[in-house]
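Asker: Mind having a look at this structure? Questions to follow.
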Amino acid sequence: MQPLLHHAATALGWRGIVVPDVAVLGHQVSAVVRVRADVHEWRSANGWPPQPDPSWFRSWFEPAAHDRLPVPAVELVGVLVGESTVDHALQSCGTLMTLAPCSVVLPPPQDDRAWPLMELDYYGIGVVSVDEAGTAELLVPPEDRSTEFGPSLFGRWLLEVLYDRVLKEVPAEARVHG
């Protein structure tokens with residue numbers, strides 16, 4: 001599935017590292033991120049590893065515990081979801097589109113029935129069709145509505161989870177070229 005996700009990200013014009021199989025709010029999604037090399041270097045040099053534990057973020061509300069907080073070392077370019085129905089796609093992208101553009105990755109239609117794309121387009125959810133050979137077609141471009149919602153503690157925590165995954169799963173030389 002990962003090569004198909006790379007083809008989908010390319011069709012969307014999303015440059016970055018694909019982090020597959022991220023469990024978020026009861027959904028399995030994939031994220032496209034870019035490592036902020038300068039921030040990563042600073043955090044590494046100053047002892048600020050990724051903090052994916054949600055309890056650590058709850059402590060941010062206790063100023064006595066944290067007088068400084070780390071800057072995010074990754075940027076969330078977009079979210080890819082693989083769903084089989086419009087309703088599931090809307091559920092998967094619903095909260096996530098407050099953080100970054102969200103697109104559904106679909107196989108090409110197997111018959112004359114097409115997905116009802118108008119509803120996804122209305123909500124700003126993108127649609128990419130990718131076949132087994134890796135041919136990707138952008139059917140509906142996603143909208144970036146994250147600025148309408150502003151930053152959130154959940155979004156900041158997700159960036160730490162993604163940063164942790166990138167450091168554990170992606171070779172160092174691939175992080176700068178993603």
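Naming scheme: A, B, ... for chains in displayed order of the structure tokens; residues 1 onward per chain; ligands 1 onward as shown.
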What's the 9 Å shell around Leu80 (chain A), counting only C-alpha atoms, without same-chain residues fewer than 3 positions away, as a compact mmCIF listing (two decimals) with N, CA and C atoms, in the first residue's frame?

Answerer:
```
# COMPACT_ATOMS: atom_id res chain seq x y z
N LEU A 5 0.47 5.07 -1.78
CA LEU A 5 0.36 6.33 -1.04
C LEU A 5 1.34 7.37 -1.59
N ALA A 8 -0.13 8.73 -4.69
CA ALA A 8 -1.22 9.65 -4.36
C ALA A 8 -0.66 11.00 -3.91
N ALA A 9 0.36 10.98 -3.05
CA ALA A 9 0.97 12.23 -2.57
C ALA A 9 1.56 13.02 -3.74
N PRO A 20 2.84 5.97 7.01
CA PRO A 20 1.63 5.17 6.88
C PRO A 20 1.08 4.70 8.23
N VAL A 29 -4.94 6.36 9.23
CA VAL A 29 -4.66 7.29 8.15
C VAL A 29 -3.17 7.26 7.86
N SER A 30 -2.79 7.95 6.81
CA SER A 30 -1.37 8.16 6.51
C SER A 30 -1.16 9.66 6.44
N ALA A 31 0.02 10.09 6.81
CA ALA A 31 0.31 11.52 6.82
C ALA A 31 1.51 11.79 5.93
N VAL A 32 1.51 12.95 5.31
CA VAL A 32 2.67 13.42 4.56
C VAL A 32 3.24 14.57 5.37
N CYS A 93 -11.93 12.22 7.55
CA CYS A 93 -11.33 13.53 7.28
C CYS A 93 -11.94 14.64 8.14
N PRO A 101 -4.78 19.72 4.81
CA PRO A 101 -5.63 19.18 3.75
C PRO A 101 -5.77 17.66 3.89
N CYS A 102 -6.93 17.14 3.55
CA CYS A 102 -7.20 15.71 3.67
C CYS A 102 -7.71 15.20 2.33
N SER A 103 -7.19 14.05 1.91
CA SER A 103 -7.62 13.44 0.65
C SER A 103 -7.88 11.96 0.84
N VAL A 104 -8.88 11.49 0.12
CA VAL A 104 -9.24 10.08 0.10
C VAL A 104 -8.51 9.43 -1.07
N VAL A 105 -7.91 8.26 -0.81
CA VAL A 105 -7.23 7.50 -1.85
C VAL A 105 -8.12 6.33 -2.22
```

Asker: Going by DSSP on the backbone, which bits of region 3-173 of chain A are alpha helix (DSSP H)? Write them as a CSV table (one decimal) with N, CA, C and O atoms, in the first residue's frame, please.

Answerer:
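Saved as part10.csv:
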```csv
chain,number,residue,atom,x,y,z
A,3,PRO,N,3.7,2.2,-1.6
A,3,PRO,CA,4.0,2.8,-2.9
A,3,PRO,C,2.7,3.6,-3.5
A,3,PRO,O,2.9,4.6,-4.1
A,4,LEU,N,1.5,3.0,-3.3
A,4,LEU,CA,0.3,3.7,-3.8
A,4,LEU,C,0.1,5.0,-3.1
A,4,LEU,O,-0.3,6.0,-3.7
A,5,LEU,N,0.5,5.1,-1.8
A,5,LEU,CA,0.4,6.3,-1.0
A,5,LEU,C,1.3,7.4,-1.6
A,5,LEU,O,1.0,8.5,-1.7
A,6,HIS,N,2.5,6.9,-2.0
A,6,HIS,CA,3.5,7.8,-2.5
A,6,HIS,C,3.0,8.4,-3.9
A,6,HIS,O,3.2,9.6,-4.1
A,7,HIS,N,2.4,7.5,-4.7
A,7,HIS,CA,1.8,8.0,-5.9
A,7,HIS,C,0.7,9.0,-5.7
A,7,HIS,O,0.6,10.0,-6.4
A,8,ALA,N,-0.1,8.7,-4.7
A,8,ALA,CA,-1.2,9.7,-4.4
A,8,ALA,C,-0.7,11.0,-3.9
A,8,ALA,O,-1.1,12.1,-4.3
A,9,ALA,N,0.4,11.0,-3.0
A,9,ALA,CA,1.0,12.2,-2.6
A,9,ALA,C,1.6,13.0,-3.7
A,9,ALA,O,1.4,14.2,-3.8
A,10,THR,N,2.2,12.3,-4.7
A,10,THR,CA,2.8,13.0,-5.8
A,10,THR,C,1.7,13.6,-6.7
A,10,THR,O,1.8,14.8,-7.1
A,11,ALA,N,0.6,12.9,-6.9
A,11,ALA,CA,-0.5,13.5,-7.7
A,11,ALA,C,-1.1,14.7,-7.0
A,11,ALA,O,-1.6,15.6,-7.7
A,12,LEU,N,-1.1,14.8,-5.7
A,12,LEU,CA,-1.6,15.9,-5.0
A,12,LEU,C,-0.6,17.1,-4.9
A,12,LEU,O,-0.9,18.2,-4.5
A,37,ALA,N,14.5,20.7,9.2
A,37,ALA,CA,15.9,20.2,9.5
A,37,ALA,C,16.5,21.1,10.6
A,37,ALA,O,17.2,20.6,11.5
A,38,ASP,N,16.3,22.4,10.5
A,38,ASP,CA,16.9,23.3,11.5
A,38,ASP,C,16.4,23.0,12.9
A,38,ASP,O,17.1,23.0,13.9
A,39,VAL,N,15.1,22.8,13.0
A,39,VAL,CA,14.4,22.5,14.3
A,39,VAL,C,14.8,21.2,14.8
A,39,VAL,O,15.2,21.0,16.0
A,40,HIS,N,14.9,20.2,13.9
A,40,HIS,CA,15.3,18.8,14.3
A,40,HIS,C,16.7,18.9,14.9
A,40,HIS,O,17.0,18.3,15.9
A,41,GLU,N,17.6,19.6,14.2
A,41,GLU,CA,19.0,19.7,14.6
A,41,GLU,C,19.1,20.3,16.0
A,41,GLU,O,19.8,19.9,16.9
A,42,TRP,N,18.3,21.4,16.2
A,42,TRP,CA,18.3,22.1,17.5
A,42,TRP,C,17.8,21.2,18.6
A,42,TRP,O,18.4,21.2,19.7
A,43,ARG,N,16.7,20.6,18.3
A,43,ARG,CA,16.1,19.7,19.3
A,43,ARG,C,17.0,18.6,19.7
A,43,ARG,O,17.1,18.2,20.9
A,44,SER,N,17.6,18.0,18.7
A,44,SER,CA,18.6,16.9,19.0
A,44,SER,C,19.7,17.4,19.8
A,44,SER,O,20.2,16.7,20.8
A,45,ALA,N,20.3,18.5,19.5
A,45,ALA,CA,21.4,19.1,20.2
A,45,ALA,C,21.1,19.5,21.6
A,45,ALA,O,21.9,19.6,22.5
A,54,PRO,N,0.6,11.3,25.2
A,54,PRO,CA,-0.4,12.4,25.4
A,54,PRO,C,-0.4,13.0,26.8
A,54,PRO,O,-0.7,14.1,27.0
A,55,SER,N,0.0,12.2,27.8
A,55,SER,CA,0.1,12.8,29.2
A,55,SER,C,1.1,13.9,29.3
A,55,SER,O,0.9,14.8,30.1
A,56,TRP,N,2.1,13.9,28.5
A,56,TRP,CA,3.1,14.9,28.6
A,56,TRP,C,2.5,16.2,28.1
A,56,TRP,O,2.7,17.3,28.7
A,57,PHE,N,1.6,16.2,27.1
A,57,PHE,CA,0.9,17.4,26.7
A,57,PHE,C,-0.1,17.9,27.7
A,57,PHE,O,-0.3,19.1,27.8
A,58,ARG,N,-0.7,17.0,28.4
A,58,ARG,CA,-1.7,17.5,29.4
A,58,ARG,C,-0.9,18.4,30.5
A,58,ARG,O,-1.5,19.3,31.0
A,86,VAL,N,-18.3,7.2,1.0
A,86,VAL,CA,-18.3,8.6,1.2
A,86,VAL,C,-18.5,8.9,2.7
A,86,VAL,O,-17.8,9.8,3.2
A,87,ASP,N,-19.4,8.3,3.3
A,87,ASP,CA,-19.6,8.5,4.8
A,87,ASP,C,-18.4,8.2,5.6
A,87,ASP,O,-18.0,9.0,6.5
A,88,HIS,N,-17.7,7.1,5.3
A,88,HIS,CA,-16.5,6.8,6.0
A,88,HIS,C,-15.4,7.9,5.7
A,88,HIS,O,-14.6,8.3,6.6
A,89,ALA,N,-15.3,8.3,4.5
A,89,ALA,CA,-14.3,9.3,4.1
A,89,ALA,C,-14.6,10.6,4.9
A,89,ALA,O,-13.7,11.3,5.4
A,90,LEU,N,-15.9,11.0,5.0
A,90,LEU,CA,-16.2,12.2,5.7
A,90,LEU,C,-15.9,12.1,7.2
A,90,LEU,O,-15.4,13.1,7.8
A,91,GLN,N,-16.1,10.9,7.7
A,91,GLN,CA,-15.8,10.7,9.2
A,91,GLN,C,-14.3,10.8,9.4
A,91,GLN,O,-13.8,11.4,10.3
A,92,SER,N,-13.5,10.1,8.5
A,92,SER,CA,-12.1,10.1,8.7
A,92,SER,C,-11.4,11.5,8.5
A,92,SER,O,-10.5,11.8,9.2
A,93,CYS,N,-11.9,12.2,7.5
A,93,CYS,CA,-11.3,13.5,7.3
A,93,CYS,C,-11.9,14.6,8.1
A,93,CYS,O,-11.3,15.7,8.3
A,94,GLY,N,-13.1,14.4,8.7
A,94,GLY,CA,-13.8,15.4,9.5
A,94,GLY,C,-12.9,16.3,10.4
A,94,GLY,O,-12.8,17.5,10.2
A,95,THR,N,-12.3,15.7,11.4
A,95,THR,CA,-11.5,16.4,12.3
A,95,THR,C,-10.1,16.7,11.8
A,95,THR,O,-9.6,17.7,12.0
A,96,LEU,N,-9.6,15.8,11.0
A,96,LEU,CA,-8.2,15.9,10.5
A,96,LEU,C,-8.1,17.1,9.5
A,96,LEU,O,-7.0,17.7,9.4
A,117,LEU,N,-18.7,12.5,-5.8
A,117,LEU,CA,-17.6,13.3,-5.4
A,117,LEU,C,-18.0,14.7,-5.0
A,117,LEU,O,-17.3,15.4,-4.3
A,118,MET,N,-19.2,15.1,-5.3
A,118,MET,CA,-19.7,16.5,-5.0
A,118,MET,C,-19.7,16.7,-3.5
A,118,MET,O,-19.3,17.8,-3.1
A,119,GLU,N,-20.1,15.8,-2.7
A,119,GLU,CA,-20.2,16.0,-1.3
A,119,GLU,C,-18.8,16.2,-0.7
A,119,GLU,O,-18.5,17.0,0.2
A,120,LEU,N,-17.8,15.4,-1.2
A,120,LEU,CA,-16.5,15.5,-0.7
A,120,LEU,C,-15.9,16.8,-1.1
A,120,LEU,O,-15.2,17.5,-0.3
A,121,ASP,N,-16.1,17.2,-2.3
A,121,ASP,CA,-15.7,18.5,-2.8
A,121,ASP,C,-16.3,19.7,-2.0
A,121,ASP,O,-15.6,20.6,-1.7
A,122,TYR,N,-17.5,19.5,-1.7
A,122,TYR,CA,-18.2,20.6,-0.9
A,122,TYR,C,-17.5,20.8,0.4
A,122,TYR,O,-17.3,22.0,0.9
A,146,SER,N,-7.2,24.5,7.3
A,146,SER,CA,-6.7,24.5,8.7
A,146,SER,C,-6.6,25.9,9.3
A,146,SER,O,-6.7,26.1,10.5
A,147,THR,N,-6.4,26.9,8.4
A,147,THR,CA,-6.3,28.3,8.9
A,147,THR,C,-7.6,28.8,9.5
A,147,THR,O,-7.7,29.7,10.3
A,148,GLU,N,-8.7,28.2,9.1
A,148,GLU,CA,-10.1,28.5,9.6
A,148,GLU,C,-10.2,28.1,11.1
A,148,GLU,O,-11.0,28.7,11.8
A,149,PHE,N,-9.4,27.1,11.5
A,149,PHE,CA,-9.6,26.5,12.8
A,149,PHE,C,-8.5,26.9,13.8
A,149,PHE,O,-8.6,26.9,15.0
A,153,LEU,N,-4.2,21.8,20.7
A,153,LEU,CA,-3.3,20.9,21.4
A,153,LEU,C,-3.3,19.5,20.8
A,153,LEU,O,-2.2,18.9,20.7
A,154,PHE,N,-4.4,19.0,20.3
A,154,PHE,CA,-4.4,17.8,19.5
A,154,PHE,C,-3.5,17.8,18.3
A,154,PHE,O,-2.7,16.8,18.1
A,155,GLY,N,-3.6,18.8,17.6
A,155,GLY,CA,-2.7,19.0,16.4
A,155,GLY,C,-1.2,19.0,16.8
A,155,GLY,O,-0.4,18.4,16.1
A,156,ARG,N,-0.9,19.7,17.9
A,156,ARG,CA,0.5,19.7,18.3
A,156,ARG,C,1.0,18.4,18.8
A,156,ARG,O,2.1,18.0,18.5
A,157,TRP,N,0.1,17.6,19.5
A,157,TRP,CA,0.4,16.3,19.9
A,157,TRP,C,0.7,15.4,18.7
A,157,TRP,O,1.6,14.6,18.6
A,158,LEU,N,-0.2,15.5,17.7
A,158,LEU,CA,-0.1,14.7,16.4
A,158,LEU,C,1.3,14.9,15.8
A,158,LEU,O,1.9,14.0,15.3
A,159,LEU,N,1.7,16.2,15.8
A,159,LEU,CA,3.0,16.5,15.2
A,159,LEU,C,4.2,15.8,15.9
A,159,LEU,O,5.1,15.3,15.3
A,160,GLU,N,4.0,15.6,17.2
A,160,GLU,CA,5.0,14.9,18.0
A,160,GLU,C,5.0,13.4,17.7
A,160,GLU,O,6.0,12.8,17.6
A,161,VAL,N,3.8,12.9,17.5
A,161,VAL,CA,3.7,11.5,17.1
A,161,VAL,C,4.3,11.2,15.8
A,161,VAL,O,5.1,10.2,15.6
A,162,LEU,N,4.0,12.1,14.8
A,162,LEU,CA,4.6,11.9,13.5
A,162,LEU,C,6.1,12.1,13.5
A,162,LEU,O,6.9,11.4,12.8
A,163,TYR,N,6.6,13.1,14.3
A,163,TYR,CA,8.1,13.3,14.4
A,163,TYR,C,8.7,12.0,15.0
A,163,TYR,O,9.7,11.5,14.5
A,164,ASP,N,8.1,11.4,16.0
A,164,ASP,CA,8.6,10.2,16.6
A,164,ASP,C,8.7,9.1,15.6
A,164,ASP,O,9.7,8.3,15.4
A,165,ARG,N,7.6,8.9,14.8
A,165,ARG,CA,7.5,7.9,13.7
A,165,ARG,C,8.6,8.1,12.7
A,165,ARG,O,9.3,7.1,12.3
A,166,VAL,N,8.8,9.3,12.2
A,166,VAL,CA,9.8,9.6,11.2
A,166,VAL,C,11.2,9.2,11.7
A,166,VAL,O,12.0,8.6,11.0
A,167,LEU,N,11.5,9.6,13.0
A,167,LEU,CA,12.8,9.3,13.5
A,167,LEU,C,13.1,7.8,13.7
A,167,LEU,O,14.2,7.3,13.5
A,168,LYS,N,12.0,7.1,14.0
A,168,LYS,CA,12.1,5.6,14.2
A,168,LYS,C,12.1,4.9,12.9
A,168,LYS,O,12.7,3.8,12.8
A,169,GLU,N,11.5,5.4,11.8
A,169,GLU,CA,11.2,4.5,10.7
A,169,GLU,C,11.9,5.0,9.4
A,169,GLU,O,12.0,4.3,8.4
A,172,ALA,N,18.0,8.6,8.2
A,172,ALA,CA,18.4,10.1,8.3
A,172,ALA,C,18.5,10.7,6.9
A,172,ALA,O,18.1,11.9,6.7
A,173,GLU,N,19.2,10.0,6.0
A,173,GLU,CA,19.4,10.7,4.7
A,173,GLU,C,18.1,10.9,3.9
A,173,GLU,O,18.0,11.8,3.1
```

Asker: What does the distance from CA of Leu106 (chain A) to CA of Val140 (chain A) come to in Å, to one decimal?

Answerer: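 Going from CA of Leu106 (chain A) over to CA of Val140 (chain A) covers 11.6 Å.
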
Asker: As a ChimeraX atom specification, list the residues of chain A assigned to strand (DSSP E) by DSSP on the backbone atoms of this structure.

Answerer: /A:17-24,27-35,74-81,102-106,126-130,136-140

Asker: Write the residues you've just listed into a file as a short mmCIF file (atom, residue, chain, number, x, y, z; two decimals), in the first residue's frame, and include C-alpha atoms for each of them.

Answerer:
```cif
data_model
loop_
_atom_site.label_atom_id
_atom_site.label_comp_id
_atom_site.auth_asym_id
_atom_site.auth_seq_id
_atom_site.Cartn_x
_atom_site.Cartn_y
_atom_site.Cartn_z
CA ILE A 17 7.70 11.79 3.80
CA VAL A 18 4.69 9.47 3.84
CA VAL A 19 4.06 8.09 7.32
CA PRO A 20 1.63 5.17 6.88
CA ASP A 21 -0.82 3.61 9.33
CA VAL A 22 -1.18 6.35 11.91
CA ALA A 23 -4.00 5.69 14.39
CA VAL A 24 -5.85 8.97 14.87
CA HIS A 27 -9.17 5.91 12.14
CA GLN A 28 -6.11 4.55 10.34
CA VAL A 29 -4.66 7.29 8.15
CA SER A 30 -1.37 8.16 6.51
CA ALA A 31 0.31 11.52 6.82
CA VAL A 32 2.67 13.42 4.56
CA VAL A 33 5.17 15.43 6.60
CA ARG A 34 8.26 17.53 6.07
CA VAL A 35 11.03 17.55 8.64
CA VAL A 74 7.74 18.41 11.42
CA GLU A 75 5.13 20.14 9.30
CA LEU A 76 1.96 18.27 8.40
CA VAL A 77 1.57 18.68 4.63
CA GLY A 78 -1.58 16.58 4.32
CA VAL A 79 -3.51 13.51 5.39
CA LEU A 80 -4.34 10.51 3.19
CA VAL A 81 -7.18 8.16 4.03
CA CYS A 102 -7.20 15.71 3.67
CA SER A 103 -7.62 13.44 0.65
CA VAL A 104 -9.24 10.08 0.10
CA VAL A 105 -7.23 7.50 -1.85
CA LEU A 106 -9.45 5.26 -3.96
CA GLY A 126 -9.66 15.77 -1.99
CA VAL A 127 -9.95 12.55 -3.98
CA VAL A 128 -7.13 10.66 -5.70
CA SER A 129 -7.60 7.46 -7.67
CA VAL A 130 -4.59 5.11 -7.75
CA ALA A 136 -2.60 8.23 -9.88
CA GLU A 137 -5.28 10.64 -11.00
CA LEU A 138 -6.31 13.69 -9.00
CA LEU A 139 -10.12 13.76 -9.19
CA VAL A 140 -10.84 16.49 -6.64
#
```

Asker: Work out how far CA of Glu143 (chain A) is from CA of Arg15 (chain A), in Å to one decimal.

Answerer: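 Separation of CA of Arg15 (chain A) and CA of Glu143 (chain A): 16.1 Å.
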
Asker: Can you work out the spacing between CA of Pro107 (chain A) and CA of Gly16 (chain A) in Å, to one decimal?

Answerer: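 Distance reported for this atom pair: 22.3 Å.
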